[in-house]
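The structure appears below as structure tokens.
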Amino acid sequence: MKGRWDQGIPPRNFTWVIRDRLAVSERPGGFAATHRRVRRQEEIIWLKVQGFQRVVSLLASPHNLAAYQEQGLPFAHLPLPAHGDSQGVLADLYRDLTGWLEAGERILVHQDELGDRLLGAMAGFLLWSGRLPGGPEAIAVMERLCGRQMGPNGRQLVAEAEALTRSQPAQAVGSGGEGQER
């Protein structure tokens, strides 16, 4: 029987967005005053044991990227701005996620916490990828999955994703990223 160290521990607020394919959580190891290096290592071990092939960080800073590299866990860094127009980052994120999912990868997307920006970005992906028909449905699904209401910052990202969807349908966008680290 393997011990806790061998199995690791799941990241806080770990939630499947697409069962067994795409998940979200807060940053492995926690954030700010609650961040712990040992916990981060245990959570990275858990991700590897669970078969995750990529971690996508939406943090503005490069926190954790060196730890992912040291542990041999492929990652992508797509900094999502705290304010203002995020359409460029969202377009890159959605194209890359589509490519990685089509390649069969199991992916974790995180920010410091499981907050509005992360929920909004993922609701936008569900909309952009055609998995859900509209913004209200995407918001409702993410709220239900994560057990919390999405505020105005997250809803703004869903509106930006909706604008992306209208200007460039998902099937015309292509699969984008070929698993390259950003």
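In the structure tokens, each chain is lettered A, B, ... as it comes, each chain's residues begin at 1, and ligands are numbered from 1 in order of appearance.
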
Spatial neighbours of Asp85 in chain A, max dist 8 Å, only C-alpha atoms, sep filter under 3 positions, as a PDB file with C-alpha atoms, in the first residue's frame:
```pdb
ATOM      1  CA  PRO A  81      -5.040  40.335 -17.041  1.00  0.00           C
ATOM      2  CA  GLY A  88      -6.416  38.033 -26.969  1.00  0.00           C
ATOM      3  CA  GLU A 160     -15.711  38.588 -24.077  1.00  0.00           C
TER       4      GLU A 160
END
```

Between A:Asp92, A:Glu137, A:Glu42, A:Asp20, which one has atoms that come closest to Gly104 in chain A, using only C-alpha atoms? A:Asp20

Residues near Trp46 in chain A, cut-off 10 Å, only C-alpha atoms, skip fewer than 6 positions along chain, as a short mmCIF file (atom, residue, chain, number, x, y, z; two decimals) with N, CA, C and O atoms, in the first residue's frame:
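And here's around_0.cif as it stands now:
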```cif
data_model
loop_
_atom_site.label_atom_id
_atom_site.label_comp_id
_atom_site.auth_asym_id
_atom_site.auth_seq_id
_atom_site.Cartn_x
_atom_site.Cartn_y
_atom_site.Cartn_z
N ARG A 4 0.67 8.35 1.84
CA ARG A 4 0.15 9.65 1.38
C ARG A 4 1.16 10.35 0.50
O ARG A 4 0.80 10.97 -0.50
N TRP A 5 2.43 10.29 0.84
CA TRP A 5 3.45 10.99 0.07
C TRP A 5 3.51 10.46 -1.37
O TRP A 5 3.66 11.22 -2.30
N ASP A 6 3.36 9.14 -1.52
CA ASP A 6 3.40 8.54 -2.85
C ASP A 6 2.20 8.94 -3.71
O ASP A 6 2.30 8.97 -4.92
N GLN A 7 1.08 9.18 -3.08
CA GLN A 7 -0.16 9.50 -3.79
C GLN A 7 -0.38 11.00 -3.95
O GLN A 7 -1.12 11.41 -4.82
N GLY A 8 0.23 11.80 -3.08
CA GLY A 8 0.01 13.23 -3.12
C GLY A 8 -1.36 13.59 -2.59
O GLY A 8 -2.09 12.75 -2.07
N ILE A 9 -1.73 14.86 -2.72
CA ILE A 9 -3.05 15.33 -2.29
C ILE A 9 -3.62 16.24 -3.38
O ILE A 9 -2.87 16.92 -4.08
N PRO A 10 -4.95 16.23 -3.54
CA PRO A 10 -5.53 17.07 -4.59
C PRO A 10 -5.40 18.55 -4.26
O PRO A 10 -5.44 18.94 -3.10
N PRO A 11 -5.26 19.39 -5.29
CA PRO A 11 -5.23 20.84 -5.06
C PRO A 11 -6.54 21.30 -4.44
O PRO A 11 -7.60 20.70 -4.67
N ARG A 40 2.61 22.24 -2.17
CA ARG A 40 2.69 22.37 -3.63
C ARG A 40 3.27 21.09 -4.23
O ARG A 40 2.76 20.54 -5.20
N PHE A 52 -2.52 13.76 -15.10
CA PHE A 52 -2.58 15.08 -15.75
C PHE A 52 -1.34 15.27 -16.61
O PHE A 52 -0.23 15.00 -16.17
#
```

For range 107-120 of chain A, work out the shell of residues within 9 Å, counting only C-alpha atoms and skipping chain neighbours fewer than 6 positions away, then give it as a PyMOL selection string. chain A and resi 12-14+16+20-28+30-32+47+52-60+80+82+97+100-101+138-139+142-143+146+148-159+161
